[in-house]
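As provided, model-v9.cif (mmCIF, C-alpha atoms) reads as follows.
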data_entry
loop_
_atom_site.label_atom_id
_atom_site.label_comp_id
_atom_site.auth_asym_id
_atom_site.auth_seq_id
_atom_site.Cartn_x
_atom_site.Cartn_y
_atom_site.Cartn_z
CA MET A 59 17.08 -5.22 -9.56
CA THR A 60 13.86 -7.13 -8.89
CA ALA A 61 10.72 -6.76 -10.97
CA ALA A 62 9.02 -5.19 -7.97
CA SER A 63 11.68 -2.53 -7.62
CA ARG A 64 11.68 -1.85 -11.35
CA SER A 65 7.94 -1.25 -11.30
CA SER A 66 8.30 1.21 -8.41
CA LEU A 67 10.73 3.51 -10.23
CA PRO A 68 9.32 6.97 -10.99
CA SER A 69 7.50 6.96 -14.32
CA ARG A 70 4.29 8.18 -15.83
CA ASP A 71 1.33 6.92 -13.84
CA ARG A 72 -0.91 5.27 -16.41
CA ALA A 73 -3.71 5.08 -13.83
CA VAL A 74 -4.00 8.87 -14.01
CA GLU A 75 -4.44 8.86 -17.76
CA THR A 76 -6.89 5.96 -17.57
CA MET A 77 -9.03 7.59 -14.90
CA LEU A 78 -9.15 10.91 -16.71
CA ALA A 79 -10.04 9.20 -19.98
CA ASP A 80 -12.74 7.05 -18.35
CA SER A 81 -14.30 10.16 -16.77
CA ALA A 82 -14.26 12.31 -19.91
CA SER A 83 -17.96 11.70 -20.59
CA ASP A 84 -19.03 12.26 -16.98
CA ALA A 85 -20.46 15.79 -16.79
CA ALA A 86 -20.35 15.73 -12.99
CA PHE A 87 -16.65 14.86 -12.86
CA ALA A 88 -14.46 17.84 -11.85
CA THR A 89 -11.43 17.28 -14.04
CA THR A 90 -9.41 20.21 -12.69
CA LEU A 91 -9.93 19.04 -9.12
CA ALA A 92 -8.87 15.53 -10.10
CA LYS A 93 -5.69 16.82 -11.71
CA GLY A 94 -4.86 18.84 -8.62
CA LEU A 95 -5.21 15.74 -6.46
CA PHE A 96 -3.04 13.76 -8.87
CA VAL A 97 -0.38 16.47 -8.51
CA LEU A 98 -0.40 15.94 -4.73
CA GLU A 99 -0.21 12.17 -5.16
CA ALA A 100 2.87 12.53 -7.37
CA PHE A 101 4.88 13.22 -4.23
CA GLY A 102 4.16 9.70 -3.04
CA MET A 103 6.24 8.15 -5.80
CA GLY A 104 9.58 8.25 -4.04
CA SER A 105 10.60 11.93 -3.96
CA ALA A 106 9.93 14.61 -1.37
CA VAL A 107 10.83 17.47 -3.74
CA LEU A 108 9.55 17.80 -7.32
CA GLY A 109 9.59 20.41 -10.05
CA ASN A 110 6.77 21.08 -12.50
CA MET A 111 8.44 18.96 -15.17
CA ASP A 112 8.92 16.07 -12.72
CA ILE A 113 5.23 16.19 -11.86
CA SER A 114 4.24 16.39 -15.51
CA ILE A 115 6.30 13.30 -16.31
CA ARG A 116 4.84 11.37 -13.40
CA THR A 117 1.21 12.26 -14.02
CA GLY A 118 1.02 12.82 -17.77
CA ILE A 119 -0.56 16.23 -17.13
CA PRO A 120 0.89 18.93 -19.46
CA ARG A 121 3.52 21.12 -17.82
CA PRO A 122 1.61 24.44 -18.26
CA THR A 123 -1.38 22.90 -16.49
CA VAL A 124 0.88 21.53 -13.76
CA ALA A 125 2.36 25.00 -13.26
CA ARG A 126 -1.08 26.50 -12.66
CA LEU A 127 -2.01 23.72 -10.28
CA THR A 128 1.20 23.91 -8.24
CA HIS A 129 0.80 27.68 -7.96
CA THR A 130 -2.76 27.29 -6.68
CA LEU A 131 -1.85 24.48 -4.28
CA THR A 132 1.03 26.56 -2.93
CA GLU A 133 -1.26 29.53 -2.34
CA LEU A 134 -3.60 27.23 -0.40
CA GLY A 135 -0.77 25.71 1.66
CA TYR A 136 -0.94 22.18 0.26
CA LEU A 137 2.45 22.68 -1.41
CA ALA A 138 5.49 24.71 -0.35
CA PHE A 139 8.01 26.16 -2.81
CA ASP A 140 11.70 25.59 -2.09
CA GLN A 141 13.47 28.70 -3.38
CA ALA A 142 16.94 27.13 -3.31
CA LEU A 143 15.91 24.11 -5.38
CA ALA A 144 13.19 25.86 -7.39
CA LYS A 145 10.96 22.87 -6.66
CA TYR A 146 7.96 22.00 -4.55
CA ARG A 147 7.40 19.85 -1.51
CA LEU A 148 4.17 18.95 0.28
CA GLY A 149 2.92 21.70 2.56
CA ILE A 150 1.90 21.26 6.16
CA ARG A 151 -1.77 21.69 5.24
CA ALA A 152 -1.64 18.40 3.36
CA LEU A 153 -0.90 16.63 6.65
CA ARG A 154 -4.26 17.73 8.04
CA MET A 155 -6.02 15.50 5.55
CA ALA A 156 -4.50 12.36 7.08
CA HIS A 157 -5.68 12.91 10.64
CA PRO A 158 -9.45 12.35 10.17
CA LEU A 159 -8.74 9.12 8.28
CA LEU A 160 -6.36 7.77 10.92
CA ALA A 161 -8.70 8.88 13.72
CA ASP A 162 -11.39 6.74 12.08
CA MET A 163 -9.25 3.64 12.80
CA PRO A 164 -9.10 3.66 16.63
CA PHE A 165 -8.17 -0.03 16.72
CA ARG A 166 -4.60 1.04 15.84
CA GLN A 167 -4.03 2.26 19.39
CA VAL A 168 -5.34 -1.03 20.79
CA ALA A 169 -3.11 -3.05 18.46
CA ARG A 170 0.11 -1.13 18.84
CA PRO A 171 1.36 -2.53 22.21
CA LEU A 172 0.86 -6.08 20.93
CA MET A 173 2.62 -5.19 17.69
CA GLN A 174 5.54 -3.67 19.58
CA ASP A 175 5.94 -6.82 21.69
CA LEU A 176 6.21 -9.02 18.60
CA ALA A 177 8.53 -6.59 16.80
CA ALA A 178 10.89 -6.57 19.79
CA SER A 179 10.74 -10.35 20.10
CA VAL A 180 11.72 -11.05 16.49
CA ARG A 181 13.87 -7.91 15.98
CA GLY A 182 11.86 -6.81 13.01
CA THR A 183 8.84 -4.71 12.09
CA VAL A 184 5.13 -5.31 12.57
CA SER A 185 2.70 -3.18 10.59
CA ILE A 186 -0.96 -2.86 9.68
CA GLY A 187 -1.88 -1.98 6.12
CA LEU A 188 -5.04 -0.79 4.39
CA LEU A 189 -5.82 -1.86 0.84
CA ASP A 190 -5.94 1.04 -1.65
CA GLY A 191 -6.20 -0.06 -5.25
CA SER A 192 -2.96 -1.69 -6.42
CA ALA A 193 -1.19 -0.53 -3.24
CA ILE A 194 -1.47 -1.27 0.42
CA VAL A 195 -0.81 1.70 2.70
CA TYR A 196 0.73 1.48 6.16
CA VAL A 197 -1.63 2.84 8.83
CA GLU A 198 0.28 1.64 11.91
CA THR A 199 3.76 0.26 12.47
CA ALA A 200 6.10 -0.85 15.24
CA ARG A 201 9.76 -1.74 14.98
CA SER A 202 12.69 -2.73 17.12
CA GLY A 203 16.37 -2.00 16.54
CA ASP A 204 18.04 -2.24 13.15
CA VAL A 205 15.42 -3.52 10.72
CA GLY A 206 17.42 -3.23 7.52
CA PRO A 207 16.75 -1.34 4.29
CA HIS A 208 12.96 -1.16 4.53
CA VAL A 209 11.66 1.00 7.38
CA PRO A 210 7.85 1.21 7.22
CA ASP A 211 6.14 4.47 8.11
CA ILE A 212 2.49 5.53 8.32
CA GLY A 213 1.18 6.61 4.94
CA MET A 214 3.80 4.72 2.94
CA PRO A 215 2.32 2.68 0.06
CA ILE A 216 3.75 -0.62 -1.18
CA THR A 217 2.60 -2.81 -4.02
CA VAL A 218 -0.11 -5.42 -3.46
CA LEU A 219 1.13 -7.99 -5.95
CA ALA A 220 4.67 -8.43 -4.63
CA THR A 221 4.03 -8.25 -0.88
CA ALA A 222 2.64 -10.59 1.75
CA MET A 223 0.58 -7.83 3.34
CA GLY A 224 -0.99 -6.89 0.02
CA ARG A 225 -1.91 -10.48 -0.76
CA ALA A 226 -3.31 -11.03 2.73
CA ALA A 227 -5.54 -7.95 2.51
CA ALA A 228 -6.73 -8.90 -0.99
CA SER A 229 -7.65 -12.38 0.26
CA ILE A 230 -10.57 -11.08 2.36
CA LEU A 231 -12.35 -9.05 -0.31
CA PRO A 232 -15.93 -10.24 -0.95
CA ARG A 233 -16.16 -12.57 -3.92
CA GLU A 234 -17.59 -10.13 -6.51
CA GLU A 235 -15.32 -7.32 -5.39
CA ALA A 236 -12.35 -9.69 -5.49
CA ALA A 237 -13.01 -10.57 -9.13
CA ARG A 238 -13.10 -6.88 -10.11
CA PHE A 239 -10.02 -6.18 -8.02
CA ASP A 240 -7.98 -8.95 -9.67
CA ALA A 241 -9.01 -7.75 -13.13
CA GLN A 242 -7.94 -4.20 -12.26
CA LEU A 243 -4.56 -5.44 -11.00
CA ALA A 244 -4.03 -7.35 -14.23
CA ALA A 245 -4.93 -4.34 -16.38
CA GLY A 246 -3.06 -1.77 -14.31
CA ASN A 247 0.51 -3.06 -14.55
CA ALA A 248 1.02 -5.80 -17.13
CA ALA A 249 4.72 -6.31 -16.34
CA GLN A 250 4.17 -6.67 -12.61
CA TRP A 251 1.16 -8.91 -13.16
CA SER A 252 3.24 -11.19 -15.38
CA ASP A 253 5.99 -11.38 -12.75
CA PHE A 254 3.86 -11.81 -9.65
CA SER A 255 0.33 -13.03 -10.43
CA ALA A 256 1.15 -16.69 -9.69
CA LEU A 257 2.71 -15.71 -6.34
CA TYR A 258 -0.25 -13.42 -5.66
CA PHE A 259 -2.81 -16.21 -6.06
CA ASP A 260 -0.57 -18.61 -4.13
CA GLY A 261 -0.45 -16.09 -1.27
CA ILE A 262 -4.23 -15.90 -1.19
CA ALA A 263 -4.39 -19.72 -1.13
CA GLN A 264 -1.88 -19.76 1.75
CA CYS A 265 -4.11 -17.40 3.74
CA ALA A 266 -7.10 -19.68 3.16
CA GLU A 267 -5.18 -22.81 4.17
CA ARG A 268 -3.11 -21.66 7.16
CA GLY A 269 -4.16 -18.10 8.01
CA PHE A 270 -1.04 -16.33 6.74
CA CYS A 271 1.14 -16.01 3.65
CA THR A 272 4.84 -15.46 3.06
CA CYS A 273 6.96 -13.17 0.91
CA VAL A 274 10.49 -14.52 0.66
CA GLY A 275 12.33 -11.56 -0.80
CA GLU A 276 10.00 -10.91 -3.73
CA TYR A 277 9.48 -7.26 -2.85
CA MET A 278 12.90 -6.63 -1.32
CA PRO A 279 15.51 -9.43 -1.30
CA ALA A 280 16.98 -8.42 2.08
CA ILE A 281 13.59 -8.58 3.85
CA HIS A 282 11.41 -11.66 4.32
CA ALA A 283 7.86 -11.22 5.55
CA VAL A 284 4.69 -12.95 6.64
CA ALA A 285 1.23 -11.42 6.76
CA ALA A 286 -2.22 -12.36 7.99
CA PRO A 287 -5.64 -10.95 7.10
CA LEU A 288 -6.87 -8.70 9.90
CA HIS A 289 -10.43 -7.65 9.14
CA TYR A 290 -12.76 -6.37 6.44
CA ALA A 291 -14.99 -3.42 7.32
CA ALA A 292 -18.11 -3.98 5.24
CA ASN A 293 -19.59 -0.55 5.95
CA SER A 294 -16.55 1.24 4.49
CA GLY A 295 -15.16 -1.45 2.19
CA ARG A 296 -11.79 -1.30 3.96
CA ALA A 297 -9.59 -4.41 3.98
CA PHE A 298 -6.80 -4.57 6.58
CA ALA A 299 -3.88 -6.96 6.99
CA ILE A 300 -0.99 -7.21 9.44
CA ASN A 301 2.55 -8.24 8.60
CA CYS A 302 5.92 -8.94 10.15
CA GLY A 303 9.10 -8.17 8.23
CA ILE A 304 12.51 -9.44 9.30
CA PRO A 305 15.97 -9.00 7.78
CA ALA A 306 16.71 -12.25 5.96
CA PHE A 307 20.03 -12.79 7.72
CA ARG A 308 18.26 -13.05 11.09
CA LEU A 309 16.07 -15.97 10.03
CA GLN A 310 16.86 -19.65 10.33
CA PRO A 311 15.74 -21.98 7.51
CA GLY A 312 12.02 -22.65 7.83
CA GLN A 313 11.57 -20.21 10.72
CA LEU A 314 9.36 -17.84 8.71
CA GLU A 315 6.75 -20.53 8.02
CA ALA A 316 7.05 -22.57 11.23
CA GLU A 317 7.33 -19.80 13.84
CA ILE A 318 6.77 -16.25 12.57
CA GLY A 319 3.72 -17.07 10.43
CA PRO A 320 1.74 -18.70 13.25
CA ARG A 321 2.68 -15.80 15.55
CA ILE A 322 1.40 -13.13 13.15
CA ASN A 323 -1.77 -15.16 12.66
CA ALA A 324 -2.23 -15.36 16.45
CA LEU A 325 -1.57 -11.63 16.76
CA ALA A 326 -4.27 -10.89 14.19
CA ALA A 327 -6.71 -13.06 16.16
CA SER A 328 -5.81 -11.27 19.42
CA ILE A 329 -6.42 -7.85 17.88
CA ARG A 330 -9.77 -8.96 16.46
CA ALA A 331 -10.80 -10.24 19.90
CA LEU A 332 -9.94 -6.90 21.49
CA ILE A 333 -11.97 -4.92 18.94
CA ASN A 334 -14.85 -7.42 18.64
CA GLN A 335 -14.25 -8.32 15.03
CA ALA A 336 -15.03 -11.74 13.58
CA GLU A 337 -12.43 -13.71 11.68
CA PRO A 338 -12.68 -12.58 8.04
CA GLU A 339 -13.86 -14.93 5.34
CA ILE A 340 -11.39 -15.79 2.61
CA SER A 341 -12.79 -16.43 -0.85
CA ARG A 342 -10.75 -18.95 -2.79
CA ARG A 343 -9.70 -17.43 -6.09
CA THR A 344 -9.28 -18.90 -9.53
CA PRO A 345 -6.34 -17.35 -11.40
CA LEU A 346 -7.43 -15.22 -14.33
CA PRO A 347 -7.20 -16.84 -17.77
CA ALA A 348 -4.08 -16.22 -19.78
CA HIS A 349 -5.69 -13.59 -22.05
CA ALA A 350 -6.44 -11.44 -18.99
CA ARG A 351 -2.82 -11.40 -17.83
#
Serialized structure, structure tokens:
Amino acid sequence: MTAASRSSLPSRDRAVETMLADSASDAAFATTLAKGLFVLEAFGMGSAVLGNMDISIRTGIPRPTVARLTHTLTELGYLAFDQALAKYRLGIRALRMAHPLLADMPFRQVARPLMQDLAASVRGTVSIGLLDGSAIVYVETARSGDVGPHVPDIGMPITVLATAMGRAAASILPREEAARFDAQLAAGNAAQWSDFSALYFDGIAQCAERGFCTCVGEYMPAIHAVAAPLHYAANSGRAFAINCGIPAFRLQPGQLEAEIGPRINALAASIRALINQAEPEISRRTPLPAHAR
């Protein structure tokens, strides 16, 4: 099992505890609301159905509190109770929250035909991701045929540190924001930072030097990927990247760097031209000192 897959196993989300602790002195912070949202986010950690104890373990929120929150969220339609399993799943009402966000990214519709052409050509997947803390979340995806064990879908989060798409999106953060972002990555998951920080900074350097970076099985051994920065929306602080993932057995030696990388870089440029976006600036990064890792 890779370090990336180990870090993605269900466990207590330390970010929840940290955020709640950091906000304890903020009189305007609605702690109960925050806990309710963390309960909903628990379903994004690899399981569609969870019981109160499962949620408590994943969030660190006491089980009696979780029980009150799941009851309330069920009454509101954001959760649905499965009588046979005596567990909860996300309710249909939760899906409504995604639509306004996706509708605010109309470039996805422009990009998709171009993405589908490349996916069909290489017999892989082509996806756009949006940076969200230590994860990058798929907001559009195209695939062709059998693409192996990793099938991207809209809304699915993957780690930034161990993926080409995450590194490519992080490469276009403004300099001051980038420094804060790197420090947060280092503090948020010490084990993953130790395993992947060198590859993370190398990926950012690759984007600066040739317009794309590679991930040769670091996230999932059976899938190799390349990614290019897409664009940074300064008004919203959103950083987008585009990637191409291909089952490793379909690739010839050197093909990822020599052929697929330049093609994903060219695709990113084509999409930017269609939506009138300038090529994003890439700030060269200095790896954090050892005491920060």
Give me the residues within 12 Å of Asp140 in chain A as a PDB file with C-alpha atoms, in the frame of the given file, counting only C-alpha atoms and dropping any in the same chain fewer than 2 places off.
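Output file part-v9.pdb is given in full below:
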ATOM      1  CA  ALA A 106       9.930  14.610  -1.370  1.00  0.00           C
ATOM      2  CA  VAL A 107      10.830  17.470  -3.740  1.00  0.00           C
ATOM      3  CA  LEU A 108       9.550  17.800  -7.320  1.00  0.00           C
ATOM      4  CA  GLY A 109       9.590  20.410 -10.050  1.00  0.00           C
ATOM      5  CA  THR A 132       1.030  26.560  -2.930  1.00  0.00           C
ATOM      6  CA  LEU A 137       2.450  22.680  -1.410  1.00  0.00           C
ATOM      7  CA  ALA A 138       5.490  24.710  -0.350  1.00  0.00           C
ATOM      8  CA  ALA A 142      16.940  27.130  -3.310  1.00  0.00           C
ATOM      9  CA  LEU A 143      15.910  24.110  -5.380  1.00  0.00           C
ATOM     10  CA  ALA A 144      13.190  25.860  -7.390  1.00  0.00           C
ATOM     11  CA  LYS A 145      10.960  22.870  -6.660  1.00  0.00           C
ATOM     12  CA  TYR A 146       7.960  22.000  -4.550  1.00  0.00           C
ATOM     13  CA  ARG A 147       7.400  19.850  -1.510  1.00  0.00           C
ATOM     14  CA  LEU A 148       4.170  18.950   0.280  1.00  0.00           C
ATOM     15  CA  GLY A 149       2.920  21.700   2.560  1.00  0.00           C
TER      16      GLY A 149
END
**OP:** Using the chain letters and numbering of this document, enumerate as a list in words the residues selected by the PyMOL selection byres ((chain A and resi 309) around 12).
**Re:**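 For this structure, the PyMOL selection byres ((chain A and resi 309) around 12) captures Val180, Arg181, Gly182, Val274, Ala280, Ile281, His282, Ala283, Gly303, Ile304, Pro305, Ala306, Phe307, Arg308, Gln310, Pro311, Gly312, Gln313, Leu314, Glu315, Ala316, Glu317 and Ile318 of chain A.
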Original post:
For the atom pair CA of Pro338 in chain A and CA of Ser294 in chain A, what is the interatomic distance in Å to one decimal place?
Top reply: 14.8 Å
**OP:** Please measure the separation of CA of Val197 in chain A and CA of Ile212 in chain A, giving the value in Å to one decimal.
**Re:**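 Rounded to one decimal, the two atoms are 4.9 Å apart.
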**OP:** Could you give me, as JSON, numbers by chain, the residues within 10 Å of Cys265 in chain A, counting all atoms listed in the file and dropping anything in the same chain fewer than 6 positions from it?
**Re:** {"A": [222, 225, 226, 227, 229, 230, 259, 271, 272, 285, 286, 287, 323, 340, 341, 342]}
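Ranking A:Pro279, A:Gly295, A:Gly187, A:Gly203 by their shortest atom-to-atom distance to Pro232 in chain A, with all atoms listed in the file included, puts A:Gly295 first.
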**OP:** Can you work out which one of A:Ser81, A:His289, A:Trp251, A:Thr344 has the shortest atom-to-atom distance to Met163 in chain A, counting all atoms listed in the file?
**Re:** A:His289
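Of the residues listed (A:Ala256, A:Ala85, A:Ile186, A:Leu160), A:Ala256 shows the shortest atom-to-atom separation from Ala244 in chain A; distances use only C-alpha atoms.
Closest approach to Gly102 in chain A among A:Ala327, A:Ala79, A:Val195, A:Leu188 is made by A:Val195 (distances from only C-alpha atoms).
Distances to Leu78 in chain A were evaluated for A:Ile150, A:Ser114, A:His157, A:Ile119 using only C-alpha atoms, and the minimum falls at A:Ile119.
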Original post:
How many Å lie between CA of Gln141 in chain A and CA of Met111 in chain A, rounded to one decimal?
Top reply: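 Computed distance, CA of Gln141 in chain A to CA of Met111 in chain A, equals 16.1 Å.
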**OP:** Specify as number ranges by chain each residue included when the PyMOL selection byres ((chain A and resi 178) around 12) is applied to this file.
**Re:** A: 171-177, 179-184, 200-205, 302-304
**OP:** Run through the PyMOL selection byres ((chain A and resi 211) around 8) on the given coordinates and return the selected residues as a VMD selection string.
**Re:** chain A and resid 196 to 199 209 to 210 212 to 214
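Nearest residue to Leu127 in chain A among A:Val97, A:Ser105, A:Met155, A:Leu288 is A:Val97, counting all atoms listed in the file.
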Kindly compute an axis-aligned box around the listed atoms of range 231-249 of chain A, allowing 5 Å on each side, and express its centre and edge lengths in Å to one decimal as lines of an AutoDock Vina configuration file.
center_x = -6.4
center_y = -7.2
center_z = -8.7
size_x = 32.3
size_y = 20.8
size_z = 26.8
Original post:
Can you list, as JSON, numbers by chain, every protein, DNA or RNA residue that comes within 10 Å of Leu134 in chain A when you count only C-alpha atoms, leaving out same-chain residues fewer than 4 positions away?
Top reply: {"A": [128, 129, 130, 138, 149, 151, 152]}
